[in-house]
Amino acid sequence: MTIEKERIQAVLDRVRPFLQADGGDIELVAVEGRSASVRLTGMCAGCPAAHMTLHDGIEAAIRVEIPEFDTLQVA
Amino acid sequence: MTSQIPGNIVTMESLVVGKSARMKAVFEYLRVIGNSESTVLITGESGTGKEVTATLIHQNSRRRHHPFVAVSCALFTETLIESELFGHERGAFTGAIKDRPGRFEMAEGGTIFLDDIDDVPLGMQVKLLRVLQNRTVERVGGTRTIPINVRVIAGTKRDLRQMVAEGKFREDLYYRLNVLPVALPPLRERPEDIPVLMDHFLRRFFRRKNEDVPPISDAVMQAFARYNWPGNVRELENACERIAQTCACGAIRIGCVSAAILFGAAGQPPRSVPTTAAEVTPIAPVRATLPAPLDDAAPPAVAPPVPTPVFATVPAGMTPSPISLDDRVREFESSLIRWALRVTHGNKSRAAALLQIKRSTLGDRIVRCGLNEAAAETSTEAKAV
């Protein structure tokens, strides 16, 4: 079973305005089965703390809405 | 003797820096009741500063040269809390190997702060009531009645009146405690204090690192203003500490903010960021890290990562942060030079070749970007290897 891209996109869309206001963005790269990968671009892309924050936060937020979700990769 | 629970303390200044009308009213009231001897009941959600308020009341009272003893009633079981508050005599129970005075006795002449009074079991409430009425304590297992001269301040996170109605709190004890009520407003009800508190905490945590507070982006201010802070001032304090510990790019941007705050704020309508933030460093030249640092072992043949340019639209209700083109270009240049120096182990000729510029040009750019030390370090490291 593959999770629909739109459901993950919807979670990303919730935090996107904040990232965009700060000269950054988050892109959904791929959904494979029950996992997904995203890419952080712009301002915070090089910051390890931002990766950690967004990885944990987005993964947790996706899981709240899609309990069967497996893992998130941040590139 | 002061007894405090580490990590459970909202600092004094943090409470006092509140500039909202609500907090000003609280301070006025505290001044008025300072010299009173009556029992105080402080009601406030977790993290609103109940213990700080109690300390403040004590320090402004005639009892200030006597002990302030704080005890959280939530920490003990019913039997333990009795011995904790009233003390015990040797042999009163297994493990009572010697006489031990209780917290009331330790606070003699001063103030006792009974925090989390709402967690005191009903059976214990009767005993507490008797102590408050008679102003005497009896140690567990003891027969002596010890007179006490202690001012009582109680703290509760729940509405005691509601608990009385539900039969969970004794009405007589409630009235005995609620002589001078102090209500501490939650942070979400005084959003104008958020930037002031942010400024206060960020200054403190960056000072610890011997650094100035970097500029804060509008998106961060917006996220902090929109979030509803269930953990109140303590949560805000922790969020600021986290920023100070993780922010390494010379500007406080949205990536420094914890995801819980980000997602919490995302569900809230936009709020106009209070302009009292004159004390908050305005966003100025942005210094962000661009390409991710490369591994030392990366072969020079690998091209440095070029960040995808983002020309994002700015959503309604948010002001885009100013971004200086010159600064961004310089940052990018500097990160590429650092990359070239790293992968060539500080060999400037090879680094120049890699960047397809003259060796002398590279020298100039290193100076211009303030990379002299970085260059020196890289080459020392290379020699050490």
# chains A, B, ... in the order shown; residues from 1 in each chain; ligands from 1

call {"tool": "interface_residues", "arguments": {"of": "chain A", "to": "chain B", "cutoff": "12 Å", "atoms": "only C-alpha atoms", "output": "PyMOL selection string"}}
result
chain A and resi 11-27+39-62+64+75

call {"tool": "select_by_dssp", "arguments": {"residues": "chain A", "states": "helix (DSSP H, G or I)", "output": "count of residues only"}}
result
35

call {"tool": "residues_around", "arguments": {"residues": "Arg103 in chain B", "least_positions_apart": "3", "cutoff": "8 Å", "atoms": "only C-alpha atoms", "output": "PDB file with C-alpha atoms, in the first residue's frame"}}
result
ATOM      1  CA  VAL B  69      10.738  27.039  52.260  1.00  0.00           C
ATOM      2  CA  VAL B  71       7.623  22.322  48.893  1.00  0.00           C
ATOM      3  CA  GLU B  84       7.702  15.915  55.095  1.00  0.00           C
ATOM      4  CA  LEU B  85       5.545  18.816  56.261  1.00  0.00           C
ATOM      5  CA  PHE B  86       5.266  18.088  59.978  1.00  0.00           C
ATOM      6  CA  GLY B  87       8.414  16.005  60.600  1.00  0.00           C
ATOM      7  CA  MET B 106      12.192  24.658  59.059  1.00  0.00           C
ATOM      8  CA  ALA B 107      10.315  27.745  57.900  1.00  0.00           C
ATOM      9  CA  ILE B 112       6.293  28.246  53.595  1.00  0.00           C
TER      10      ILE B 112
END

call {"tool": "residues_around", "arguments": {"residues": "Thr71 in chain A", "least_positions_apart": "2", "cutoff": "9 Å", "atoms": "only C-alpha atoms", "output": "PDB file with N, CA and C atoms, in the first residue's frame"}}
result
ATOM      1  N   ARG A  34       5.288   3.288   2.543  1.00  0.00           N
ATOM      2  CA  ARG A  34       4.813   4.033   3.698  1.00  0.00           C
ATOM      3  C   ARG A  34       5.853   5.046   4.182  1.00  0.00           C
ATOM      4  N   SER A  35       6.853   5.322   3.325  1.00  0.00           N
ATOM      5  CA  SER A  35       7.883   6.291   3.704  1.00  0.00           C
ATOM      6  C   SER A  35       7.931   7.427   2.678  1.00  0.00           C
ATOM      7  N   ALA A  36       8.527   8.526   3.107  1.00  0.00           N
ATOM      8  CA  ALA A  36       8.609   9.661   2.194  1.00  0.00           C
ATOM      9  C   ALA A  36       9.935  10.368   2.392  1.00  0.00           C
ATOM     10  N   SER A  37      10.374  11.099   1.366  1.00  0.00           N
ATOM     11  CA  SER A  37      11.555  11.935   1.549  1.00  0.00           C
ATOM     12  C   SER A  37      11.229  13.357   1.130  1.00  0.00           C
ATOM     13  N   GLU A  59       7.824  14.348  10.829  1.00  0.00           N
ATOM     14  CA  GLU A  59       7.547  12.911  10.931  1.00  0.00           C
ATOM     15  C   GLU A  59       6.440  12.668  11.964  1.00  0.00           C
ATOM     16  N   PHE A  69       2.170   5.545   8.750  1.00  0.00           N
ATOM     17  CA  PHE A  69       3.367   6.116   8.140  1.00  0.00           C
ATOM     18  C   PHE A  69       4.627   5.541   8.781  1.00  0.00           C
ATOM     19  N   GLN A  73      12.606  10.882   5.406  1.00  0.00           N
ATOM     20  CA  GLN A  73      14.003  11.229   5.161  1.00  0.00           C
ATOM     21  C   GLN A  73      14.067  12.677   4.761  1.00  0.00           C
TER      22      GLN A  73
END

call {"tool": "atom_distance", "arguments": {"atom1": "CA of Leu354 in chain B", "atom2": "CA of Ile337 in chain B"}}
result
9.6 Å

call {"tool": "select_by_dssp", "arguments": {"residues": "chain A", "states": "strand (DSSP E)", "output": "JSON, numbers by chain"}}
result
{"A": [24, 25, 26, 27, 28, 29, 30, 31, 32, 35, 36, 37, 38, 39, 40, 41, 42, 72, 73, 74]}

call {"tool": "write_last_selection", "arguments": {"atoms": "C-alpha atoms", "output": "PDB file, in the first residue's frame"}}
result
ATOM      1  CA  GLY A  24      13.137  28.756   2.502  1.00  0.00           C
ATOM      2  CA  ASP A  25      10.852  25.953   1.511  1.00  0.00           C
ATOM      3  CA  ILE A  26      10.221  22.265   1.897  1.00  0.00           C
ATOM      4  CA  GLU A  27       9.703  20.023  -1.086  1.00  0.00           C
ATOM      5  CA  LEU A  28       8.206  16.556  -1.200  1.00  0.00           C
ATOM      6  CA  VAL A  29      10.696  14.546  -3.240  1.00  0.00           C
ATOM      7  CA  ALA A  30       9.154  11.108  -3.226  1.00  0.00           C
ATOM      8  CA  VAL A  31       6.731   8.792  -1.495  1.00  0.00           C
ATOM      9  CA  GLU A  32       7.664   5.127  -1.496  1.00  0.00           C
ATOM     10  CA  SER A  35       7.883   6.291   3.704  1.00  0.00           C
ATOM     11  CA  ALA A  36       8.609   9.661   2.194  1.00  0.00           C
ATOM     12  CA  SER A  37      11.555  11.935   1.549  1.00  0.00           C
ATOM     13  CA  VAL A  38      11.561  15.694   1.606  1.00  0.00           C
ATOM     14  CA  ARG A  39      14.135  18.305   0.738  1.00  0.00           C
ATOM     15  CA  LEU A  40      14.783  21.491   2.671  1.00  0.00           C
ATOM     16  CA  THR A  41      15.774  24.397   0.458  1.00  0.00           C
ATOM     17  CA  GLY A  42      16.857  27.974   0.940  1.00  0.00           C
ATOM     18  CA  LEU A  72      10.725  10.343   6.780  1.00  0.00           C
ATOM     19  CA  GLN A  73      14.003  11.229   5.161  1.00  0.00           C
ATOM     20  CA  VAL A  74      15.171  14.812   4.986  1.00  0.00           C
TER      21      VAL A  74
END

call {"tool": "residues_around", "arguments": {"residues": "Asp99 in chain B", "least_positions_apart": "5", "cutoff": "10 Å", "atoms": "only C-alpha atoms", "output": "PyMOL selection string"}}
result
chain B and resi 87-92+139-142

call {"tool": "atom_distance", "arguments": {"atom1": "CA of Val52 in chain B", "atom2": "CA of Phe27 in chain B"}}
result
12.0 Å
